[in-house]
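Peer 1: I am sharing input_0.pdb, which consists of PDB, C-alpha atoms, pLDDT in the B column:
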ATOM      1  CA  GLY A   1     -46.998 -30.581 -16.460  1.00 80.00           C
ATOM      2  CA  CYS A   2     -49.867 -31.657 -14.164  1.00 87.00           C
ATOM      3  CA  GLU A   3     -52.628 -29.161 -13.366  1.00 89.00           C
ATOM      4  CA  ALA A   4     -55.438 -28.875 -10.845  1.00 89.00           C
ATOM      5  CA  THR A   5     -58.246 -26.390 -10.521  1.00 88.00           C
ATOM      6  CA  THR A   6     -59.840 -25.080  -7.341  1.00 85.00           C
ATOM      7  CA  THR A   7     -63.538 -25.018  -6.700  1.00 89.00           C
ATOM      8  CA  SER A   8     -65.251 -21.747  -7.551  1.00 88.00           C
ATOM      9  CA  VAL A   9     -64.435 -18.726  -5.415  1.00 86.00           C
ATOM     10  CA  MET A  10     -67.254 -16.187  -5.044  1.00 85.00           C
ATOM     11  CA  VAL A  11     -66.177 -12.546  -5.155  1.00 88.00           C
ATOM     12  CA  ASN A  12     -68.841 -10.395  -3.483  1.00 88.00           C
ATOM     13  CA  ALA A  13     -69.410  -6.775  -4.274  1.00 91.00           C
ATOM     14  CA  LEU A  14     -68.804  -4.241  -1.534  1.00 92.00           C
ATOM     15  CA  PRO A  15     -71.924  -2.685  -0.061  1.00 93.00           C
ATOM     16  CA  VAL A  16     -72.890   0.681  -1.494  1.00 94.00           C
ATOM     17  CA  VAL A  17     -73.145   3.141   1.379  1.00 96.00           C
ATOM     18  CA  SER A  18     -74.215   6.765   1.485  1.00 95.00           C
ATOM     19  CA  ALA A  19     -75.418   9.494   3.872  1.00 93.00           C
ATOM     20  CA  GLU A  20     -78.397  11.719   3.084  1.00 90.00           C
ATOM     21  CA  GLU A  21     -76.449  14.703   4.450  1.00 92.00           C
ATOM     22  CA  SER A  22     -72.757  15.425   4.999  1.00 94.00           C
ATOM     23  CA  GLN A  23     -73.498  17.383   8.193  1.00 96.00           C
ATOM     24  CA  VAL A  24     -75.697  16.938  11.256  1.00 97.00           C
ATOM     25  CA  CYS A  25     -76.314  19.087  14.336  1.00 97.00           C
ATOM     26  CA  VAL A  26     -75.761  17.932  17.902  1.00 97.00           C
ATOM     27  CA  GLY A  27     -79.021  16.333  19.030  1.00 95.00           C
ATOM     28  CA  SER A  28     -80.335  15.954  15.459  1.00 96.00           C
ATOM     29  CA  SER A  29     -80.381  12.920  13.170  1.00 96.00           C
ATOM     30  CA  ILE A  30     -79.712  11.887   9.574  1.00 97.00           C
ATOM     31  CA  THR A  31     -80.134   8.511   7.860  1.00 97.00           C
ATOM     32  CA  LEU A  32     -77.490   6.347   6.217  1.00 97.00           C
ATOM     33  CA  SER A  33     -78.103   3.882   3.403  1.00 96.00           C
ATOM     34  CA  PRO A  34     -78.639   0.916   3.391  1.00 96.00           C
ATOM     35  CA  THR A  35     -81.126   0.709   6.257  1.00 96.00           C
ATOM     36  CA  THR A  36     -81.410  -3.104   6.291  1.00 96.00           C
ATOM     37  CA  GLY A  37     -79.298  -6.195   5.654  1.00 95.00           C
ATOM     38  CA  GLY A  38     -76.424  -5.593   8.003  1.00 96.00           C
ATOM     39  CA  THR A  39     -74.958  -3.696  10.910  1.00 97.00           C
ATOM     40  CA  TRP A  40     -73.589  -0.158  11.244  1.00 98.00           C
ATOM     41  CA  MET A  41     -70.717   1.006  13.429  1.00 97.00           C
ATOM     42  CA  SER A  42     -69.513   4.546  14.249  1.00 98.00           C
ATOM     43  CA  SER A  43     -65.816   5.361  14.168  1.00 97.00           C
ATOM     44  CA  ASP A  44     -66.360   7.487  17.294  1.00 97.00           C
ATOM     45  CA  ALA A  45     -69.587   7.060  19.249  1.00 97.00           C
ATOM     46  CA  THR A  46     -68.685  10.054  21.449  1.00 98.00           C
ATOM     47  CA  ILE A  47     -69.173  12.255  18.358  1.00 98.00           C
ATOM     48  CA  ALA A  48     -72.126  10.476  16.741  1.00 98.00           C
ATOM     49  CA  THR A  49     -73.989   7.234  17.317  1.00 98.00           C
ATOM     50  CA  VAL A  50     -75.656   5.027  14.698  1.00 98.00           C
ATOM     51  CA  ASP A  51     -78.160   2.181  14.934  1.00 97.00           C
ATOM     52  CA  ASN A  52     -78.545  -0.741  12.542  1.00 96.00           C
ATOM     53  CA  ALA A  53     -81.323   1.091  10.699  1.00 96.00           C
ATOM     54  CA  GLY A  54     -78.736   3.712   9.705  1.00 97.00           C
ATOM     55  CA  MET A  55     -80.074   6.439  12.032  1.00 97.00           C
ATOM     56  CA  VAL A  56     -77.217   8.758  13.011  1.00 97.00           C
ATOM     57  CA  THR A  57     -77.517  11.098  16.014  1.00 97.00           C
ATOM     58  CA  GLY A  58     -75.017  13.896  16.672  1.00 97.00           C
ATOM     59  CA  VAL A  59     -73.484  13.889  20.168  1.00 98.00           C
ATOM     60  CA  LYS A  60     -70.728  16.509  20.069  1.00 96.00           C
ATOM     61  CA  ALA A  61     -68.857  18.568  17.464  1.00 97.00           C
ATOM     62  CA  GLY A  62     -66.357  16.676  15.299  1.00 97.00           C
ATOM     63  CA  GLU A  63     -65.898  14.420  12.246  1.00 97.00           C
ATOM     64  CA  VAL A  64     -66.911  10.777  12.109  1.00 98.00           C
ATOM     65  CA  THR A  65     -67.315   7.932   9.603  1.00 97.00           C
ATOM     66  CA  PHE A  66     -69.629   4.938   9.638  1.00 97.00           C
ATOM     67  CA  THR A  67     -68.933   1.369   8.498  1.00 97.00           C
ATOM     68  CA  PHE A  68     -71.625  -0.998   7.204  1.00 97.00           C
ATOM     69  CA  SER A  69     -71.124  -4.767   7.393  1.00 97.00           C
ATOM     70  CA  ASN A  70     -73.328  -6.879   5.097  1.00 96.00           C
ATOM     71  CA  THR A  71     -74.723  -9.791   7.095  1.00 95.00           C
ATOM     72  CA  ALA A  72     -74.971 -12.138   4.093  1.00 93.00           C
ATOM     73  CA  THR A  73     -71.495 -11.574   2.626  1.00 93.00           C
ATOM     74  CA  GLY A  74     -69.447 -10.171   5.487  1.00 93.00           C
ATOM     75  CA  CYS A  75     -68.220  -7.404   3.196  1.00 95.00           C
ATOM     76  CA  GLU A  76     -67.796  -3.915   4.626  1.00 96.00           C
ATOM     77  CA  ALA A  77     -67.796  -0.373   3.311  1.00 96.00           C
ATOM     78  CA  THR A  78     -67.234   2.977   5.032  1.00 97.00           C
ATOM     79  CA  THR A  79     -68.931   6.304   4.384  1.00 96.00           C
ATOM     80  CA  THR A  80     -67.142   9.549   3.715  1.00 95.00           C
ATOM     81  CA  SER A  81     -66.741  11.806   6.757  1.00 96.00           C
ATOM     82  CA  VAL A  82     -69.830  13.319   8.343  1.00 97.00           C
ATOM     83  CA  MET A  83     -69.401  16.624  10.209  1.00 97.00           C
ATOM     84  CA  VAL A  84     -71.259  17.065  13.505  1.00 97.00           C
ATOM     85  CA  ASN A  85     -71.860  20.767  14.201  1.00 97.00           C
ATOM     86  CA  ALA A  86     -72.363  22.225  17.672  1.00 96.00           C
ATOM     87  CA  LEU A  87     -75.532  24.160  18.450  1.00 95.00           C
ATOM     88  CA  PRO A  88     -75.065  27.928  18.742  1.00 95.00           C
ATOM     89  CA  VAL A  89     -75.087  29.325  22.269  1.00 94.00           C
ATOM     90  CA  VAL A  90     -77.879  31.862  22.813  1.00 96.00           C
ATOM     91  CA  SER A  91     -77.805  34.258  25.763  1.00 95.00           C
ATOM     92  CA  ASP A  92     -80.949  34.733  27.832  1.00 95.00           C
ATOM     93  CA  ILE A  93     -83.494  37.329  26.768  1.00 96.00           C
ATOM     94  CA  THR A  94     -83.369  40.525  28.831  1.00 95.00           C
ATOM     95  CA  GLY A  95     -85.712  43.489  29.123  1.00 92.00           C
ATOM     96  CA  THR A  96     -89.106  44.346  30.572  1.00 90.00           C
ATOM     97  CA  THR A  97     -91.634  41.600  29.846  1.00 92.00           C
ATOM     98  CA  THR A  98     -94.772  43.506  30.795  1.00 90.00           C
ATOM     99  CA  VAL A  99     -96.375  46.074  28.509  1.00 89.00           C
ATOM    100  CA  SER A 100     -99.733  47.795  28.187  1.00 85.00           C
ATOM    101  CA  VAL A 101    -101.983  47.657  25.126  1.00 84.00           C
ATOM    102  CA  SER A 102    -100.485  49.949  22.440  1.00 81.00           C
ATOM    103  CA  GLY A 103     -97.364  50.320  24.588  1.00 83.00           C
ATOM    104  CA  THR A 104     -93.897  49.098  23.663  1.00 88.00           C
ATOM    105  CA  THR A 105     -90.982  47.437  25.380  1.00 91.00           C
ATOM    106  CA  THR A 106     -87.627  46.361  23.947  1.00 93.00           C
ATOM    107  CA  LEU A 107     -86.151  42.912  24.464  1.00 96.00           C
ATOM    108  CA  ALA A 108     -82.518  42.014  23.834  1.00 96.00           C
ATOM    109  CA  SER A 109     -80.004  39.178  23.814  1.00 96.00           C
ATOM    110  CA  ALA A 110     -76.227  39.403  24.087  1.00 95.00           C
ATOM    111  CA  THR A 111     -76.046  36.939  21.172  1.00 96.00           C
ATOM    112  CA  ALA A 112     -76.082  38.814  17.861  1.00 95.00           C
ATOM    113  CA  GLY A 113     -77.582  37.773  14.541  1.00 94.00           C
ATOM    114  CA  GLY A 114     -80.827  36.204  15.707  1.00 96.00           C
ATOM    115  CA  VAL A 115     -84.435  36.723  14.625  1.00 97.00           C
ATOM    116  CA  TRP A 116     -87.334  37.651  16.942  1.00 98.00           C
ATOM    117  CA  SER A 117     -90.856  36.258  16.676  1.00 97.00           C
ATOM    118  CA  SER A 118     -94.113  36.086  18.663  1.00 97.00           C
ATOM    119  CA  ASP A 119     -96.299  32.991  18.934  1.00 96.00           C
ATOM    120  CA  ASN A 120     -99.436  35.129  19.422  1.00 95.00           C
ATOM    121  CA  THR A 121     -99.478  38.291  17.322  1.00 95.00           C
ATOM    122  CA  ASP A 122    -103.077  38.935  18.417  1.00 94.00           C
ATOM    123  CA  VAL A 123    -101.621  39.731  21.849  1.00 94.00           C
ATOM    124  CA  ALA A 124     -98.146  41.097  21.062  1.00 95.00           C
ATOM    125  CA  THR A 125     -96.040  41.674  17.978  1.00 96.00           C
ATOM    126  CA  ILE A 126     -92.274  42.027  17.866  1.00 97.00           C
ATOM    127  CA  ASP A 127     -89.947  43.520  15.282  1.00 96.00           C
ATOM    128  CA  ALA A 128     -87.859  40.640  13.900  1.00 96.00           C
ATOM    129  CA  THR A 129     -84.659  42.703  13.971  1.00 96.00           C
ATOM    130  CA  THR A 130     -84.919  45.284  16.745  1.00 95.00           C
ATOM    131  CA  GLY A 131     -86.769  43.262  19.398  1.00 96.00           C
ATOM    132  CA  VAL A 132     -89.333  46.013  20.002  1.00 94.00           C
ATOM    133  CA  VAL A 133     -92.544  44.467  21.394  1.00 94.00           C
ATOM    134  CA  THR A 134     -95.905  46.180  20.866  1.00 92.00           C
ATOM    135  CA  GLY A 135     -98.907  45.255  22.980  1.00 90.00           C
ATOM    136  CA  VAL A 136    -102.021  44.468  20.920  1.00 90.00           C
ATOM    137  CA  SER A 137    -104.519  43.041  23.411  1.00 90.00           C
ATOM    138  CA  ALA A 138    -104.541  41.735  26.983  1.00 89.00           C
ATOM    139  CA  GLY A 139    -102.977  38.309  27.441  1.00 92.00           C
ATOM    140  CA  THR A 140     -99.634  36.566  27.133  1.00 94.00           C
ATOM    141  CA  ALA A 141     -97.389  35.769  24.170  1.00 96.00           C
ATOM    142  CA  THR A 142     -94.232  33.676  24.002  1.00 97.00           C
ATOM    143  CA  ILE A 143     -91.388  35.590  22.387  1.00 97.00           C
ATOM    144  CA  SER A 144     -88.631  33.576  20.684  1.00 98.00           C
ATOM    145  CA  TYR A 145     -85.131  34.608  19.642  1.00 98.00           C
ATOM    146  CA  VAL A 146     -83.706  32.149  17.096  1.00 97.00           C
ATOM    147  CA  VAL A 147     -80.030  31.942  16.152  1.00 97.00           C
ATOM    148  CA  VAL A 148     -78.771  29.786  13.248  1.00 96.00           C
ATOM    149  CA  SER A 149     -75.135  28.715  12.835  1.00 94.00           C
ATOM    150  CA  ASN A 150     -73.847  26.073  10.376  1.00 92.00           C
ATOM    151  CA  GLY A 151     -77.431  25.021   9.786  1.00 92.00           C
ATOM    152  CA  CYS A 152     -78.007  24.409  13.507  1.00 96.00           C
ATOM    153  CA  ILE A 153     -80.711  26.255  15.435  1.00 96.00           C
ATOM    154  CA  ALA A 154     -80.879  27.395  19.061  1.00 96.00           C
ATOM    155  CA  THR A 155     -83.739  29.342  20.632  1.00 96.00           C
ATOM    156  CA  ALA A 156     -84.228  31.476  23.735  1.00 97.00           C
ATOM    157  CA  THR A 157     -87.780  32.278  24.862  1.00 97.00           C
ATOM    158  CA  THR A 158     -89.612  34.503  27.318  1.00 96.00           C
ATOM    159  CA  VAL A 159     -93.262  35.263  28.047  1.00 95.00           C
ATOM    160  CA  VAL A 160     -94.577  38.804  27.582  1.00 95.00           C
ATOM    161  CA  THR A 161     -97.696  39.885  29.471  1.00 93.00           C
ATOM    162  CA  VAL A 162     -99.901  42.571  27.923  1.00 91.00           C
ATOM    163  CA  SER A 163    -102.335  44.358  30.245  1.00 85.00           C
ATOM    164  CA  THR A 164    -104.975  47.036  29.929  1.00 74.00           C
ATOM    165  CA  LEU A 165    -105.328  49.970  32.298  1.00 59.00           C
ATOM    166  CA  SER A 166    -108.654  49.999  34.118  1.00 54.00           C
ATOM    167  CA  ASN A 167    -108.460  53.782  34.589  1.00 53.00           C
ATOM    168  CA  THR A 168    -107.597  55.998  31.646  1.00 52.00           C
ATOM    169  CA  GLN A 169    -106.423  58.672  34.122  1.00 59.00           C
ATOM    170  CA  PHE A 170    -103.681  56.440  35.530  1.00 66.00           C
ATOM    171  CA  ASP A 171    -100.388  58.272  35.003  1.00 74.00           C
ATOM    172  CA  MET A 172     -97.888  55.624  33.880  1.00 77.00           C
ATOM    173  CA  ALA A 173     -95.092  58.207  33.738  1.00 79.00           C
ATOM    174  CA  ASN A 174     -95.225  58.556  37.544  1.00 87.00           C
ATOM    175  CA  LEU A 175     -95.300  54.830  38.248  1.00 90.00           C
ATOM    176  CA  LYS A 176     -91.889  53.484  39.184  1.00 92.00           C
ATOM    177  CA  TYR A 177     -91.070  49.811  39.654  1.00 91.00           C
ATOM    178  CA  TYR A 178     -87.707  48.112  39.900  1.00 92.00           C
ATOM    179  CA  PRO A 179     -85.824  45.876  39.468  1.00 92.00           C
ATOM    180  CA  ASN A 180     -87.282  43.893  36.584  1.00 88.00           C
ATOM    181  CA  PRO A 181     -86.597  40.972  36.516  1.00 89.00           C
ATOM    182  CA  VAL A 182     -86.976  40.704  40.306  1.00 91.00           C
ATOM    183  CA  LYS A 183     -84.688  38.532  42.394  1.00 87.00           C
ATOM    184  CA  ASP A 184     -86.130  39.129  45.878  1.00 92.00           C
ATOM    185  CA  VAL A 185     -87.820  42.507  46.432  1.00 94.00           C
ATOM    186  CA  LEU A 186     -89.898  44.574  43.986  1.00 94.00           C
ATOM    187  CA  ASN A 187     -89.988  48.309  44.760  1.00 95.00           C
ATOM    188  CA  ILE A 188     -93.084  50.255  43.632  1.00 95.00           C
ATOM    189  CA  SER A 189     -93.904  53.957  43.941  1.00 93.00           C
ATOM    190  CA  TYR A 190     -96.530  56.290  42.484  1.00 93.00           C
ATOM    191  CA  SER A 191     -97.356  59.983  42.599  1.00 90.00           C
ATOM    192  CA  LYS A 192    -100.605  59.237  44.461  1.00 88.00           C
ATOM    193  CA  GLU A 193    -101.380  56.976  47.388  1.00 91.00           C
ATOM    194  CA  ILE A 194    -101.443  53.302  46.480  1.00 92.00           C
ATOM    195  CA  THR A 195    -104.385  51.601  48.174  1.00 90.00           C
ATOM    196  CA  SER A 196    -103.468  47.981  47.486  1.00 91.00           C
ATOM    197  CA  ILE A 197    -101.394  45.750  45.249  1.00 93.00           C
ATOM    198  CA  ALA A 198    -102.353  42.309  43.964  1.00 90.00           C
ATOM    199  CA  LEU A 199    -100.081  39.855  42.156  1.00 90.00           C
ATOM    200  CA  TYR A 200    -101.282  37.262  39.634  1.00 89.00           C
ATOM    201  CA  ASN A 201     -99.506  34.442  37.830  1.00 87.00           C
ATOM    202  CA  ILE A 202     -99.932  33.935  34.083  1.00 80.00           C
ATOM    203  CA  LEU A 203    -102.874  31.591  34.741  1.00 79.00           C
ATOM    204  CA  GLY A 204    -104.747  34.501  36.315  1.00 79.00           C
ATOM    205  CA  GLN A 205    -104.470  33.099  39.850  1.00 84.00           C
ATOM    206  CA  GLU A 206    -103.962  35.622  42.641  1.00 86.00           C
ATOM    207  CA  VAL A 207    -100.784  34.805  44.553  1.00 91.00           C
ATOM    208  CA  MET A 208    -100.495  37.955  46.688  1.00 91.00           C
ATOM    209  CA  ASN A 209    -102.720  40.791  47.880  1.00 91.00           C
ATOM    210  CA  LYS A 210    -101.300  43.505  50.096  1.00 92.00           C
ATOM    211  CA  ARG A 211    -102.870  46.613  51.627  1.00 92.00           C
ATOM    212  CA  ILE A 212    -100.517  49.569  51.102  1.00 94.00           C
ATOM    213  CA  ASN A 213    -102.064  53.024  51.844  1.00 92.00           C
ATOM    214  CA  ALA A 214     -98.816  54.763  50.933  1.00 93.00           C
ATOM    215  CA  ASN A 215     -97.093  56.275  47.901  1.00 94.00           C
ATOM    216  CA  ALA A 216     -94.281  53.741  47.964  1.00 94.00           C
ATOM    217  CA  THR A 217     -93.816  50.155  49.055  1.00 95.00           C
ATOM    218  CA  ASN A 218     -91.826  47.013  48.423  1.00 93.00           C
ATOM    219  CA  LEU A 219     -92.984  43.450  47.850  1.00 93.00           C
ATOM    220  CA  ASP A 220     -90.984  40.431  49.031  1.00 93.00           C
ATOM    221  CA  LEU A 221     -91.264  37.962  46.128  1.00 93.00           C
ATOM    222  CA  SER A 222     -88.454  35.663  47.223  1.00 92.00           C
ATOM    223  CA  ASN A 223     -90.874  32.839  48.098  1.00 91.00           C
ATOM    224  CA  LEU A 224     -92.509  32.785  44.656  1.00 91.00           C
ATOM    225  CA  PRO A 225     -91.483  30.352  41.889  1.00 91.00           C
ATOM    226  CA  ASN A 226     -89.586  31.770  38.922  1.00 89.00           C
ATOM    227  CA  GLY A 227     -91.943  32.986  36.228  1.00 88.00           C
ATOM    228  CA  ASN A 228     -93.904  35.939  34.881  1.00 89.00           C
ATOM    229  CA  TYR A 229     -96.445  37.766  37.036  1.00 88.00           C
ATOM    230  CA  LEU A 230     -99.003  40.518  36.513  1.00 89.00           C
ATOM    231  CA  VAL A 231     -99.133  43.326  39.095  1.00 90.00           C
ATOM    232  CA  LYS A 232    -102.465  45.072  39.759  1.00 87.00           C
ATOM    233  CA  ILE A 233    -102.143  48.454  41.497  1.00 89.00           C
ATOM    234  CA  GLN A 234    -105.222  50.012  43.096  1.00 86.00           C
ATOM    235  CA  VAL A 235    -105.169  53.832  43.465  1.00 84.00           C
ATOM    236  CA  ASP A 236    -108.023  55.883  44.885  1.00 70.00           C
TER     237      ASP A 236
END
Please lay out the structure from this file as structure tokens.
Peer 2:
Amino acid sequence: GCEATTTSVMVNALPVVSAEESQVCVGSSITLSPTTGGTWMSSDATIATVDNAGMVTGVKAGEVTFTFSNTATGCEATTTSVMVNALPVVSDITGTTTVSVSGTTTLASATAGGVWSSDNTDVATIDATTGVVTGVSAGTATISYVVVSNGCIATATTVVTVSTLSNTQFDMANLKYYPNPVKDVLNISYSKEITSIALYNILGQEVMNKRINANATNLDLSNLPNGNYLVKIQVD
């Protein structure tokens, strides 16, 4: 009939954990709660990492949970699953990237469902759906094609150069140039004799000047860096 009683045993509450979002994109971040008072651990750091401030960063597509350990009590709690979504894959932008003022050119991407935009509508506008670019004034504009999938965004860009014709009698219909984009050699022909051709980068710096004196010629551009260039054709 003898009895004895232990000393008091403290029962600690489990930490209350939560995530501000149930999904995150690869390369993006969300924050877990709490942000202080313990340490966080990811169930799979190859899918998403987490620091002790609760900052989660997506690494690759998959599901992952996170466990918080309270430093003071040693008690742990685990979040519900967080989905890491892959970024959509966007194909490169294709099409002619030079256009005259008031002229049009159509850009395209093999990836469907995106939206087109221009960062400088004073120079060039673009139809958000069709990709038709209209030259407004001389200069350059960066064109973006944005695709959204599962809340994740991927963007392809290209630079469009808008130029003005110095001679209103220049017959654009009889000017032929190909291929565009150029890999090595640009072929140019015109209905009249071409006196000279100059090539400029987008900073306005002359990188080539060639005397032609013929109706057709070709330019070896293989030694130039990748980029967008403006071609100036002189015709008598």
Peer 1: Run the PyMOL selection byres ((chain A and resi 104) around 6) mentally over the shown coordinates, then write out the matched residues as a PyMOL selection string, using the chain letters and numbers from the document.
Peer 2: chain A and resi 103+105+133-134
Peer 1: Can you tell me which residues surround range 180-189 of chain A at a distance of at most 10 Å, considering all atoms listed in the file, apart from same-chain residues fewer than 3 positions away, and format the answer as a list in words?
Peer 2: Thr94, Gly95, Thr96, Thr97, Thr98, Asn174, Leu175, Lys176, Tyr177, Lys192, Glu193, Ile194, Ile197, Ala214, Asn215, Ala216, Thr217, Asn218, Leu219, Asp220, Leu221, Ser222, Asn223, Leu224, Asn226, Gly227, Asn228 and Ile233 of chain A
Peer 1: Name the closest residue to Leu107 in chain A among the candidates A:Val132, A:Cys75, A:Ala61, A:Leu230; distances are taken between atoms, counting only C-alpha atoms.
Peer 2: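 Using only C-alpha atoms, the shortest distance to Leu107 in chain A belongs to A:Val132.
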Peer 1: Skip Val101 in chain A itself and residues of its chain fewer than 4 positions away, then list as a PyMOL selection string all residues within 10 Å of it, counting all atoms listed in the file.
Peer 2: chain A and resi 123-124+134-139+161-165
Peer 1: For Ala72 in chain A, list every protein, DNA or RNA residue within 12 Å, evaluated using all atoms listed in the file, and leave out those in the same chain fewer than 5 positions away; present the list as a list of chain:residue names.
Peer 2: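 The filter keeps A:Asn12, A:Ala13, A:Leu14, A:Pro15, A:Thr36, A:Gly37, A:Gly38, A:Thr39.
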Peer 1: Between A:Thr67, A:Ser22, A:Val11, A:Thr6, which is the closest to Pro34 in chain A once you count all atoms listed in the file?
Peer 2: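 So, comparing all the options, the nearest one is A:Thr67.
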Peer 1: Which of these residues is nearest to Asn70 in chain A, using all atoms listed in the file: A:Ser33, A:Leu87, A:Thr46, A:Ser102?
Peer 2: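 That would be A:Ser33, the residue with the smallest distance to Asn70 in chain A.
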Peer 1: Distance CA of Thr195 in chain A-CA of Asp171 in chain A, one decimal place?
Peer 2: 15.3 Å
Peer 1: Could you jot down the CA of Ser29 in chain A to CA of Ala156 in chain A separation for me, Å, one decimal place?
Peer 2: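 Spanning CA of Ser29 in chain A to CA of Ala156 in chain A is a straight-line distance of 21.7 Å.
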Peer 1: Using only C-alpha atoms, find the one residue out of A:Ala4, A:Val56, A:Ile202, A:Ala112 that sits nearest to Ser91 in chain A.
Peer 2: A:Ala112
Peer 1: For this file, the PyMOL selection byres ((chain A and resi 130) around 9) selects which residues, as a list in words?
Peer 2: Thr106, Leu107, Ala108, Val115, Trp116, Ile126, Asp127, Ala128, Thr129, Gly131, Val132 and Val133 of chain A
Peer 1: What does the distance between CA of Ala45 in chain A and CA of Glu63 in chain A come to in Å, to one decimal place?
Peer 2: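 These atoms are spaced 10.8 Å apart.
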Peer 1: Which residues come within 10 Å of Thr31 in chain A, counting all atoms listed in the file, excluding same-chain residues fewer than 3 positions away, as a ChimeraX atom specification?
Peer 2: /A:18-21,34-35,50-51,53-57
Peer 1: Show which residues sit within 6 Å of range 140-142 of chain A, as a list in words. Count all atoms listed in the file, and ignore same-chain residues fewer than 6 positions away.
Peer 2: Ser118, Asp119, Asn120, Thr158, Val159, Val160 and Thr161 of chain A
Peer 1: How would the residues just picked look written out with C-alpha atoms as a PDB file, keeping the file's coordinate frame?
Peer 2:
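Generated output (part_29.pdb):
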ATOM      1  CA  SER A 118     -94.113  36.086  18.663  1.00 97.00           C
ATOM      2  CA  ASP A 119     -96.299  32.991  18.934  1.00 96.00           C
ATOM      3  CA  ASN A 120     -99.436  35.129  19.422  1.00 95.00           C
ATOM      4  CA  THR A 158     -89.612  34.503  27.318  1.00 96.00           C
ATOM      5  CA  VAL A 159     -93.262  35.263  28.047  1.00 95.00           C
ATOM      6  CA  VAL A 160     -94.577  38.804  27.582  1.00 95.00           C
ATOM      7  CA  THR A 161     -97.696  39.885  29.471  1.00 93.00           C
TER       8      THR A 161
END
Peer 1: What do you get, as a PDB file with C-alpha atoms, keeping the file's coordinate frame, if you spell out every residue that the PyMOL selection byres ((chain A and resi 62) around 7) selects here?
Peer 2:
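part-v1.pdb written:
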ATOM      1  CA  ILE A  47     -69.173  12.255  18.358  1.00 98.00           C
ATOM      2  CA  LYS A  60     -70.728  16.509  20.069  1.00 96.00           C
ATOM      3  CA  ALA A  61     -68.857  18.568  17.464  1.00 97.00           C
ATOM      4  CA  GLU A  63     -65.898  14.420  12.246  1.00 97.00           C
ATOM      5  CA  VAL A  64     -66.911  10.777  12.109  1.00 98.00           C
ATOM      6  CA  MET A  83     -69.401  16.624  10.209  1.00 97.00           C
ATOM      7  CA  VAL A  84     -71.259  17.065  13.505  1.00 97.00           C
ATOM      8  CA  ASN A  85     -71.860  20.767  14.201  1.00 97.00           C
TER       9      ASN A  85
END
Peer 1: Around range 193-210 of chain A, fit a box with edges along x, y and z, padding it by 8 Å on each side, then list its centre and edge lengths in Å to one decimal as JSON.
Peer 2:
{"center_x": -102.1, "center_y": 44.3, "center_z": 42.1, "size_x": 21.2, "size_y": 41.4, "size_z": 32.0}
